[in-house]
Structure formats: C-alpha cells, structure tokens
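**Student:** Here it is, the structure, as structure tokens.
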Amino acid sequence: MIGLSLALVVAVGVAVAASVWAVRADRQARVAQAREWAADALTAIGVEPERALLLALQAVTSTYAPGQANSVVPEAEAALHLAVQSAYLRQTLRAHTDQVVGLAYSPDGARLATASRDGTAIVWDVASGEPLLTLTGHKRGVLGVAYSPDGTRLATADWDNVAVVWDATTGAELARMVGHIGAVYAVAFSPDGTRLATAGGDGKAKVWNAATGELLLTLRGHFGVVTGVAYSPDGTHLATSGQDATARVWDAATGQELLTYTGHTGAVTDITYSPDGALLATSGEDSTAQVWDAATGGVQVTLHGHSDTVTSVAFSPSGARLATTGFDQSVRLWEVETGQEQLRLVGHEAGVVAVAFSPVGGGAQLASGSVDGTAKVWDAAGGAALLTLSGPANAVGGLAFSADGQRLATANYDSTAAIWDATTGAQLLAIPAHTAGSLAFDPTPGSPRLAIMNWDRSVTLWDAATGAQQLNLNALTNGGLAFSPDGTRLATTSYWDQTATVWDTTTGAALQTLVGHTDTIYAIAFSPECASPPGANAQVCGKWLATAAGDGTAKLWDAATGAELLTLKGHSDSVFGVAFSPDGRQLATASNDQTARLWDAATGQVRLTLRGHSASVLAVAFSPDGTRLATASLDKTAIVWDVATGTRLYSLSDQAGQVLALAFSPDGLRLATGNDNNTARIYPAAIETLMAVARARLTRTWRPEECQQYLRTAACPPTP
C-alpha cells in the first residue's frame with residue numbers, strides 16, 4: 001500500500017514537472033517567434049509601414065498576458081514603438097479603378113476631391129473617408145481637380161481636351177471650357193473665383209470666365225505640354241510649368257510673359273506659389289524640386305532626395321514646409337528655408353503623382369494620389385504621439401502633469417506658459433509668466449497650484465484653474481524647481497550664485513539655502529513621499545533633496561537643515577537633470593557627457609551608466625512604478641530604459657527637434673516631451689495604450705502573401 005502511494009506521488013510529480021517544462025518550452029517558442037516577427041517588422045518600416053505595424057503587433061500579442069509584468073518581449077515592444085512612429089498613414093481611399101492623378105481639399109478642409117484616369121472625380125468626407133459625390137460626366141481620364149476659393153464649385157481637367165466646372169454639392173455641371181486641342185492637364189481658380197486657368201497638352205495655357213466658359217486669354221510660349229498652372233495669392237500673376245524644362249510667370253490680366261525660370265534639366269512637372277506669394281516651387285523630371293524667388297526667378301534652394309521624377313509640389317499653409325511626390329513611391333516633406341528633408345512617407349505601391357495639404361490644422365494633414373489607384377491621407381505631425389500640442393511660439397523647455405494627470409503645463413522660451421487638457425490637447429489657459437523654462441505642479445491631490453520660474457529671477461505661484469497669481473517669491477534665482485511631496489515647500493536653484501533655496505509655499509519665507517556646488521545648479525528634486533532615506537529605517541516625506549550642477553556632480557542634501565550628505569561623482573561634464581526613483585532608493589542623473597546614470601541613493605555608488613544618446617542628455621524621469629527611466633537629449637530622441645538592467649527598451653525619434661524636457665503622467669500610461677521645434681507631444685507609455693494606438697493606425701489587415709511569408713500559414717488570422 002505504501003509502495004503504491006509512493007508510486008502515485010512520483011507519478012504526480014513527474015506529470016507536474018512535465019507540465020512545467022511544457023509551459024516553459026511553449027513560452028520559449030513564443031518568445032523566439034516574437035523576436036523573429038519583431039525583426040521582420042523593423043525591416044518593413046521603411047518599405048511598408050502597415051506591414052511593420054501588423055508584424056510588430058503580432059510579435060507583442062504573441063506573448064502579452066494582461067496584468068503580467070514583462071510578458072512582452074522587449075524587442076517586440078521596441079519594434080512596435082518604431083512601427084507606430086513610422087505610421088503616419090490615417091486613411092486609404094479606395095474607389096477609383098485607375099490612377100489617382102489629382103487632389104484638392106475644400107477650403108474648410110472637410111472634403112477632399114480626387115481626379116482619376118478612370119474618368120471620374122470623387123468628393124470624399126475627410127473625417128470618415130467615405131465618398132460623398134462622384135462626377136461622371138467625363139468620357140476619358142480626369143487629370144486635375146481644383147476647388148473654387150469659396151468651396152461651392154469644383155473644376156476638373158479632362159483627357160478629352162476640356163475643363164468642366166461643377167456644383168461641388170450636387171455635382172451639376174455649371175460650365176464647360178472647350179478650346180484646347182490637346183488634353184487639359186491642370187486647372188486653377190483665380191483667388192476671387194471669377195476665372196479658371198487651364199494647362200494644355202497643346203503647349204498653351206488658357207484663362208476662362210469660370211461662370212460662362214468664355215475664353216479670355218491664351219498664353220503662348222511653352223514648347224510642348226503645359227503640365228501645371230497656378231495663380232499667385234494676390235491674383236496678379238499666373239505661373240505655368242512645362243515639358244520644355246521651363247517655368248514661366250505671366251501677367252494674369254494681359255497674358256504677357258514676365259519671367260522664364262530655367263534650371264531643371266528635364267520636364268517641369270508641377271508648379272505652385274507659397275501662401276505669401278514670395279516663392280514658387282517646381283518639381284522636375286530631373287528628380288529634384290526647386291524653390292524660386294517669385295519676383296526675380298532666382299533659385300533659393302534645390303531639393304535632392306527623390307530617386308526618380310518628382311511629380312508634384314505643395315506648400316504647407318504656413319509656407320514653412322514643402323511636400324513633394326515622386327515615381328519612387330514616396331511623399332517627402334522639406335523645410336523650405338534650409339532644404340532639409342524632415343519626413344518621408346511611404347506606403348503607396350506605385351509612383352505618387354499628386355499631393356495637397358489640408359488648409360486647416362496648421363499643415364498637420366496632407367493627401368497624396370498614386371498610380372496604384374488610391375489616395376492616402378497622412379498625419380504629417382503625429383508619428384507615435386497621442387497628441388501634439390503645437391500652440392507654443394517657441395521651444396518647450398519645461399513640462400509638468402497635474403496630480404490627477406488631467407492637465408499638462410508647458411513652459412516655453414517665448415516667456416509664456418500654457419495649461420492643456422492632457423486628453424484632448426485643447427489649450428485651457430495661457431499664463432503671462434516670463435518663464436525661463438521650469439515649472440512644477442503641486443503634487444497634492446486636488447491642488448491647482450503651479451510654480452513657474454521666470455527670467456527676472458522670481459518664482460510665481462499660480463492657480464492653474466483660473467490663471468490667478470497667488471504668490472511671488474523674490475528668489476533672485478533662475479534654474480530648476482520642485483515641490484515637496486506635501487506641497488508645503490518649494491525648492492529652487494540659481495544660475496547665478498551656485499545655490500539652491502527651500503521656501504515655504506504659504507508665506508514665501510526662505511527656509512534653507514544649500515551651499516556646496518562650485519558651478520551653476522541646473523536641477524533639483526525632492527525625495528518622494530514616504531520614502532526610506534539613506535541609512536534610516538523609518539519613512540519620511542520629502543526630507544531629502546538632490547541637485548545637479550555644472551561642476552559635474554550631483555549632491556544629496558538634508559532638506560530640513562541644508563546639510564550636504566553625499567556627492568555623486570562620475571560624470572565627466574555638467575549634470576543637467578536629476579530625479580529620485582518612486583521608492584527613493586535610487587537617483588538618476590542626466591549629463592552633457594551624453595550619458596545618464598543610476599545611483600544608489602544611500603551610498604552614492606553608480607549602479608548603471610546608460611549610453612545610447614549621441615548628444616547632451618538634458619532631463620530624466622522615472623515611470624511611476626519605478627521600473628523605467630526616460631531620458632531627453634539634444635540628439636532629437638527620448639529613450640526609455642529598463643531600470644533593473646539598463647537595457648534600452650525603445651526610442652522616440654520622431655521629434656523633429658531637440659528634446660528639452662519630459663514627464664510621465666501620474667498613472668504611467670503616457671509620456672510627454674517638450675521640444676525646440678515649438679511642440680509638446682504626449683506618447684503612449686504603457687504597452688496596452690501602445691497596442692490601442694497601433695490598431696487605430698492600421699488601415700488594412702493581413703494580405704495572403706504576408707501570411708504565407710511571415711506567419712507561415714495559408715489562412716490569415718484576425719488582425720492582431
């Protein structure tokens with residue numbers, strides 16, 4: 001009997017062990033597969049961003065277990081962050097049966113008209129991506145489309161040598177322009193909407209009465225097809241582009257040729273004016289786009305980057321950026337002043353031949369049309385961000401979430417501060433402070449107080465709900481600042497006298513002055529609420545202060561007495577940022593030596609040195625659970641690290657500017673960054689939030705060939 005019992009115990013033990021080993025083997029197999037899909041996603045990012053999203057989501061979901069920390073393979077999470085950052089596509093508009101060769105937004109940005117070689121023009125609802133109206137009166141291909149300035153009419157260019165003006169709401173034909181003896185390639189309304197200019201395959205541009213179709217002017221001078229036509233914003237000039245490698249400017253009233261632009265070495269495929277009329281942009285068969293002085297015809301900048309014919313150009317509403325499209329299947333955004341490429345949008349499966357910015361939203365949205373028969377709508381500003389706050393007129397040097405995470409405060413180098421709704425991105429309040437780039441919310445739950453450091457060396461406390469000033473501290477200081485966890489004290493640092501000061505936030509009295517650094521003190525932080533201080537067993541709240549300075553050190557202080565406790569040495573250059581971990585046992589520092597470091601707060605010993613940035617690291621922030629650290633750098637990236645191992649988890653590299661500040665939301669779901677490109681951005685920081693964003697960015701599901709190649713299955717699974 002005893003032997004039978006022992007045998008049973010052994011058998012159960014063997015079965016349990018086998019089950020454990022099976023679970024481990026399954027986990028190992030899924031981890032290996034997730035890493036393979038993550039690698040495939042990284043390869044696809046620059047080629048097919050939506051495939052990259054699908055693969056990265058597949059990699060994440062293959063091991064993800066709700067509520068289980070570290071269930072997602074780090075490589076998969078990193079790949080999903082990168083894939084989301086590259087996923088600028090918001091809609092793919094599919095209804096045409098042939099090439100989409102023309103685009104135009106309505107003046108209010110609510111509708112998008114597309115012209116296709118299938119003989120139709122379609123008006124789409126931009127919000128839903130649904131077609132509202134199809135114009136079917138053309139016999140052959142529609143080559144161009146334009147809205148009238150008031151949005152009530154649409155003009156289309158026809159392969160059958162005519163242009164037609166339509167009622168933009170009903171689709172009724174209003175006027176027909178007949179007179180070209182070749183295809184009409186482009187149309188443009190005059191700024192007052194009374195005239196319509198057309199570009200013809202017969203080598204002529206013509207100007208018509210837009211209401212009656214009466215021919216008013218014929219512009220002769222090009223040799224070969226006239227490919228594009230554009231009115232100057234004031235309506236006094238008309239610009240044309242031609243197959244003869246020239247662009248020309250004409251008097252819009254008389255038709256007299258005023259200027260000839262020569263510089264392209266092949267056909268000029270498109271032309272457009274900047275919103276202020278000072279510049280003209282052209283695209284060319286020579287794989288370049290050029291920006292010209294509209295008055296003199298002098299070349300301001302030549303844009304090199306496309307590997308094939310550049311087919312169309314469009315200025316952003318501000319005129320600061322130029323979009324180009326090419327037969328290399330890309331849409332590119334350029335900074336007009338410098339000619340620097342800012343962004344490359346890929347996803348079309350054939351040459352891209354048309355582009356248009358939405359007139360609303362500050363140039364954040366644009367559309368493209370392609371030989372692949374689709375039009376695509378892109379978010380040219382968002383990248384991985386949940387929100388982009390683009391109200392600041394200058395660099396965002398400081399950020400702070402309110403205690404409840406509902407608001408985000410920004411401090412801008414144009415000497416203003418703003419309060420934003422952290423969920424919608426709406427600006428709630430503008431504060432007329434003379435901010436030097438540092439601010440902090442009172443961490444006390446329910447408190448509306450916001451402290452702001454000013455250029456005049458004062459610190460002001462404001463009611464962030466009403467904008468009322470509550471207190472002014474004549475701090476004679478200008479640097480970093482931090483509230484104590486209970487909000488009763490405020491610590492500030494000085495750029496001027498190498499000291500830090502602790503203040504009573506009720507009376508404004510100075511409580512302590514910290515003296516010991518030998519150079520500028522850039523940042524300061526209180527120990528977290530109820531953390532265990534170095535060398536003590538009891539828990540206290542905000543008893544310790546950490547400072548970061550230009551002397552290459554960080555220091556730990558007794559906040560009550562001002563006594564110096566520890567000096568952290570190891571950085572080889574100025575230390576710009578400092579932060580306590582949520583449990584108070586670690587400190588993180590950011591340095592001009594391009595590293596961040598993690599220190600034991602009790603001993604002052606370095607735990608980890610984080611290397612990965614290629615320029616100064618300005619700021620550090622722990623996630624609320626203490627498992628991650630975010631770093632901000634002048635190399636235009638923010639990096640999130642694993643605190644336990646020092647492993648880089650992912651980078652946020654779609655900043656388009658140096659990253660000056662960052663902050664985690666109190667719930668840890670979001671990470672905000674402040675940049676010198678005049679924006680603050682809020683990113684998903686939790687894997688669940690990131691997965692939701694990735695799914696929202698998808699405009700398609702798996703294709704059979706992708707399932708066979710990457711998933712090794714003939715039947716495609718549901719979208720991950």
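Residues are referred to by chain and number: the chain letter is A, B, ... according to the order shown in the structure tokens, the number counts from 1 in that chain, and ligands are numbered separately from 1 in the order shown.
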Please provide the set of residues having any atom within 10 Å of range 451-468 of chain A, restricted to only C-alpha atoms, with same-chain residues fewer than 3 positions apart removed, written as number ranges by chain.
**Tutor:** A: 398, 402, 407, 409-411, 413, 415-419, 428-442, 447-448, 471-483, 490, 492-496, 505, 508
**Student:** Considering only strand (DSSP E or B) as DSSP defines it on the backbone, what residues of range 113-343 of chain A qualify? List them as a ChimeraX atom specification.
**Tutor:** /A:113-116,121-125,131-135,142-147,153-158,162-167,173-178,184-189,195-200,204-209,215-220,226-231,237-242,246-251,257-262,268-273,279-284,288-293,299-304,310-315,321-326,330-335,341-343
**Student:** Mind checking which residues fall within 9 Å of Ser232 in chain A, counting only C-alpha atoms, ignoring those fewer than 2 positions away in the same chain, and posting them as a tab-separated table (two decimals) with all heavy atoms, in the first residue's frame?
**Tutor:**
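Printed below is part.tsv as written:
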```
chain	number	residue	atom	x	y	z
A	190	SER	N	-8.78	81.48	-60.05
A	190	SER	CA	-8.19	82.73	-59.57
A	190	SER	C	-8.63	82.94	-58.13
A	190	SER	O	-9.65	82.39	-57.69
A	190	SER	CB	-8.64	83.89	-60.44
A	190	SER	OG	-10.05	84.03	-60.41
A	191	PRO	N	-7.87	83.74	-57.34
A	191	PRO	CA	-8.23	83.93	-55.92
A	191	PRO	C	-9.62	84.49	-55.70
A	191	PRO	O	-10.22	84.23	-54.65
A	191	PRO	CB	-7.14	84.90	-55.44
A	191	PRO	CG	-5.97	84.63	-56.31
A	191	PRO	CD	-6.57	84.33	-57.66
A	230	ALA	N	-0.76	77.80	-61.87
A	230	ALA	CA	-1.07	78.27	-60.52
A	230	ALA	C	-1.18	79.78	-60.51
A	230	ALA	O	-0.35	80.47	-61.12
A	230	ALA	CB	0.02	77.83	-59.53
A	234	ASP	N	-2.30	86.91	-54.77
A	234	ASP	CA	-2.99	88.17	-54.99
A	234	ASP	C	-3.69	88.23	-56.35
A	234	ASP	O	-4.34	89.23	-56.69
A	234	ASP	CB	-2.03	89.36	-54.85
A	234	ASP	CG	-0.91	89.36	-55.89
A	234	ASP	OD1	-0.91	88.49	-56.79
A	234	ASP	OD2	-0.02	90.22	-55.78
A	235	GLY	N	-3.55	87.17	-57.15
A	235	GLY	CA	-4.25	87.08	-58.42
A	235	GLY	C	-3.66	87.87	-59.56
A	235	GLY	O	-4.22	87.87	-60.66
A	236	THR	N	-2.51	88.51	-59.34
A	236	THR	CA	-1.94	89.36	-60.40
A	236	THR	C	-1.06	88.58	-61.37
A	236	THR	O	-0.78	89.06	-62.47
A	236	THR	CB	-1.11	90.49	-59.79
A	236	THR	OG1	-0.02	89.93	-59.02
A	236	THR	CG2	-1.97	91.37	-58.89
A	237	HIS	N	-0.59	87.41	-60.96
A	237	HIS	CA	0.30	86.63	-61.81
A	237	HIS	C	-0.22	85.21	-61.96
A	237	HIS	O	-0.95	84.69	-61.11
A	237	HIS	CB	1.72	86.61	-61.23
A	237	HIS	CG	2.37	87.95	-61.19
A	237	HIS	ND1	2.26	88.78	-60.11
A	237	HIS	CD2	3.14	88.60	-62.11
A	237	HIS	CE1	2.93	89.90	-60.35
A	237	HIS	NE2	3.47	89.82	-61.55
A	238	LEU	N	0.20	84.59	-63.04
A	238	LEU	CA	-0.13	83.21	-63.32
A	238	LEU	C	1.18	82.49	-63.65
A	238	LEU	O	1.98	82.99	-64.46
A	238	LEU	CB	-1.08	83.12	-64.50
A	238	LEU	CG	-1.77	81.78	-64.77
A	238	LEU	CD1	-2.70	81.42	-63.63
A	238	LEU	CD2	-2.54	81.84	-66.08
A	239	ALA	N	1.43	81.37	-63.00
A	239	ALA	CA	2.66	80.61	-63.24
A	239	ALA	C	2.32	79.29	-63.93
A	239	ALA	O	1.29	78.67	-63.63
A	239	ALA	CB	3.40	80.34	-61.93
A	252	ALA	N	-1.46	88.09	-65.18
A	252	ALA	CA	-2.75	87.39	-65.21
A	252	ALA	C	-3.84	88.18	-65.90
A	252	ALA	O	-4.84	87.61	-66.34
A	252	ALA	CB	-3.19	87.05	-63.78
A	272	THR	N	3.71	75.65	-58.04
A	272	THR	CA	2.79	76.21	-57.05
A	272	THR	C	3.43	77.41	-56.39
A	272	THR	O	4.65	77.51	-56.28
A	272	THR	CB	2.42	75.16	-55.98
A	272	THR	OG1	1.38	75.67	-55.16
A	272	THR	CG2	3.61	74.80	-55.11
A	273	TYR	N	2.59	78.34	-55.94
A	273	TYR	CA	3.04	79.51	-55.19
A	273	TYR	C	3.02	79.22	-53.68
A	273	TYR	O	2.17	78.46	-53.20
A	273	TYR	CB	2.13	80.71	-55.45
A	273	TYR	CG	2.49	81.54	-56.65
A	273	TYR	CD1	1.86	81.33	-57.88
A	273	TYR	CD2	3.44	82.56	-56.57
A	273	TYR	CE1	2.16	82.11	-59.00
A	273	TYR	CE2	3.76	83.34	-57.68
A	273	TYR	CZ	3.12	83.11	-58.88
A	273	TYR	OH	3.44	83.88	-59.98
A	274	SER	N	3.93	79.87	-52.95
A	274	SER	CA	3.85	79.85	-51.49
A	274	SER	C	2.66	80.71	-51.06
A	274	SER	O	2.18	81.56	-51.81
A	274	SER	CB	5.13	80.40	-50.88
A	274	SER	OG	5.35	81.75	-51.27
A	275	PRO	N	2.14	80.50	-49.86
A	275	PRO	CA	0.95	81.25	-49.43
A	275	PRO	C	1.12	82.76	-49.44
A	275	PRO	O	0.14	83.48	-49.61
A	275	PRO	CB	0.72	80.72	-48.00
A	275	PRO	CG	1.30	79.35	-48.01
A	275	PRO	CD	2.50	79.44	-48.90
A	276	ASP	N	2.34	83.25	-49.24
A	276	ASP	CA	2.54	84.70	-49.27
A	276	ASP	C	2.93	85.21	-50.65
A	276	ASP	O	3.12	86.42	-50.85
A	276	ASP	CB	3.59	85.13	-48.25
A	276	ASP	CG	4.98	84.53	-48.53
A	276	ASP	OD1	5.15	83.83	-49.55
A	276	ASP	OD2	5.89	84.77	-47.72
A	277	GLY	N	3.06	84.32	-51.61
A	277	GLY	CA	3.37	84.70	-52.98
A	277	GLY	C	4.82	85.05	-53.23
A	277	GLY	O	5.18	85.41	-54.36
A	278	ALA	N	5.67	84.95	-52.23
A	278	ALA	CA	7.07	85.34	-52.39
A	278	ALA	C	7.89	84.27	-53.10
A	278	ALA	O	8.93	84.57	-53.69
A	278	ALA	CB	7.69	85.64	-51.03
```
**Student:** For Leu608 in chain A, which of A:Asp642, A:Asp26, A:Glu341, A:Asp573 is the closest residue, counting only C-alpha atoms?
**Tutor:** A:Asp642
**Student:** Near range 514-528 of chain A, counting only C-alpha atoms, which residues have an atom at most 8 Å away, once you skip same-chain residues fewer than 5 positions from it, shown as a PyMOL selection string?
**Tutor:** chain A and resi 479-485+491-501+541-551+557+562-564+575-584
**Student:** From the list A:Ala247, A:Leu135, A:Ala356, A:Leu698, which residue is nearest Ser283 in chain A when using only C-alpha atoms?
**Tutor:**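 Smallest separation from Ser283 in chain A among the options: A:Ala247.
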**Student:** Determine the nearest neighbour of Ala104 in chain A from the options A:Gln512, A:Gln586, A:Thr713, A:Thr156, counting only C-alpha atoms.
**Tutor:**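 Smallest separation from Ala104 in chain A among the options: A:Thr156.
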**Student:** Pick from A:Leu89, A:Gly203, A:Ala210, A:Gly141: nearest to Ala364 in chain A, with only C-alpha atoms counted?
**Tutor:**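 Among the listed residues, A:Leu89 lies closest to Ala364 in chain A.
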**Student:** So how far away is CA of Gln365 in chain A from CA of Ala380 in chain A, in Å?
**Tutor:**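 Spanning CA of Ala380 in chain A to CA of Gln365 in chain A is a straight-line distance of 5.5 Å.
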**Student:** Using only C-alpha atoms, which protein or nucleic acid residues come within 7 Å of Gly425 in chain A? Drop anything in the same chain fewer than 4 positions from it, and give the result as a PyMOL selection string.
**Tutor:** chain A and resi 387+389+420-421
**Student:** Any chance you can output those residues with N, CA, C and O atoms as a PDB file, in the first residue's frame?
**Tutor:**
```pdb
ATOM      1  N   LEU A 387      -0.979  62.906 -28.838  1.00  0.00           N
ATOM      2  CA  LEU A 387      -1.337  64.306 -29.035  1.00  0.00           C
ATOM      3  C   LEU A 387      -0.087  65.106 -29.362  1.00  0.00           C
ATOM      4  O   LEU A 387       0.995  64.835 -28.836  1.00  0.00           O
ATOM      5  N   LEU A 389       0.904  69.099 -29.199  1.00  0.00           N
ATOM      6  CA  LEU A 389       0.458  70.412 -28.758  1.00  0.00           C
ATOM      7  C   LEU A 389       1.341  71.442 -29.434  1.00  0.00           C
ATOM      8  O   LEU A 389       2.504  71.620 -29.069  1.00  0.00           O
ATOM      9  N   TRP A 420      -2.856  72.710 -20.706  1.00  0.00           N
ATOM     10  CA  TRP A 420      -3.532  71.959 -21.758  1.00  0.00           C
ATOM     11  C   TRP A 420      -4.357  70.829 -21.145  1.00  0.00           C
ATOM     12  O   TRP A 420      -4.002  70.276 -20.096  1.00  0.00           O
ATOM     13  N   ASP A 421      -5.430  70.480 -21.830  1.00  0.00           N
ATOM     14  CA  ASP A 421      -6.147  69.255 -21.495  1.00  0.00           C
ATOM     15  C   ASP A 421      -5.312  68.092 -21.996  1.00  0.00           C
ATOM     16  O   ASP A 421      -5.061  67.963 -23.195  1.00  0.00           O
TER      17      ASP A 421
END
```
**Student:** Between A:Asn675, A:Thr240, A:Thr627, A:Asn161, which is the closest to Ala197 in chain A once you count only C-alpha atoms?
**Tutor:** A:Thr240
**Student:** Which residues are close to Asp667 in chain A, i.e. within 7 Å by only C-alpha atoms, leaving aside same-chain residues fewer than 2 positions away? Reply as number ranges by chain.
**Tutor:** A: 624, 665, 669
**Student:** Which residues are near range 313-319 of chain A? Cut-off 12 Å, only C-alpha atoms, ignore same chain within fewer than 6 positions. Put them as a ChimeraX atom specification.
**Tutor:** /A:102-105,107,109,228-230,241,268-284,288-291,303,325-326,331-337,352-368,380
**Student:** Quick check, in Å to one decimal: how far apart do CA of Asp286 in chain A and CA of His306 in chain A lie?
**Tutor:**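 So the two atoms, CA of Asp286 in chain A and CA of His306 in chain A, lie 9.5 Å apart.
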**Student:** Given only C-alpha atoms as the basis, pick out the residue of A:Gly369, A:Gly151, A:Gly263, A:Pro66 nearest to Arg117 in chain A.
**Tutor:**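 Residue with the minimum atom-to-atom distance to Arg117 in chain A: A:Gly369.
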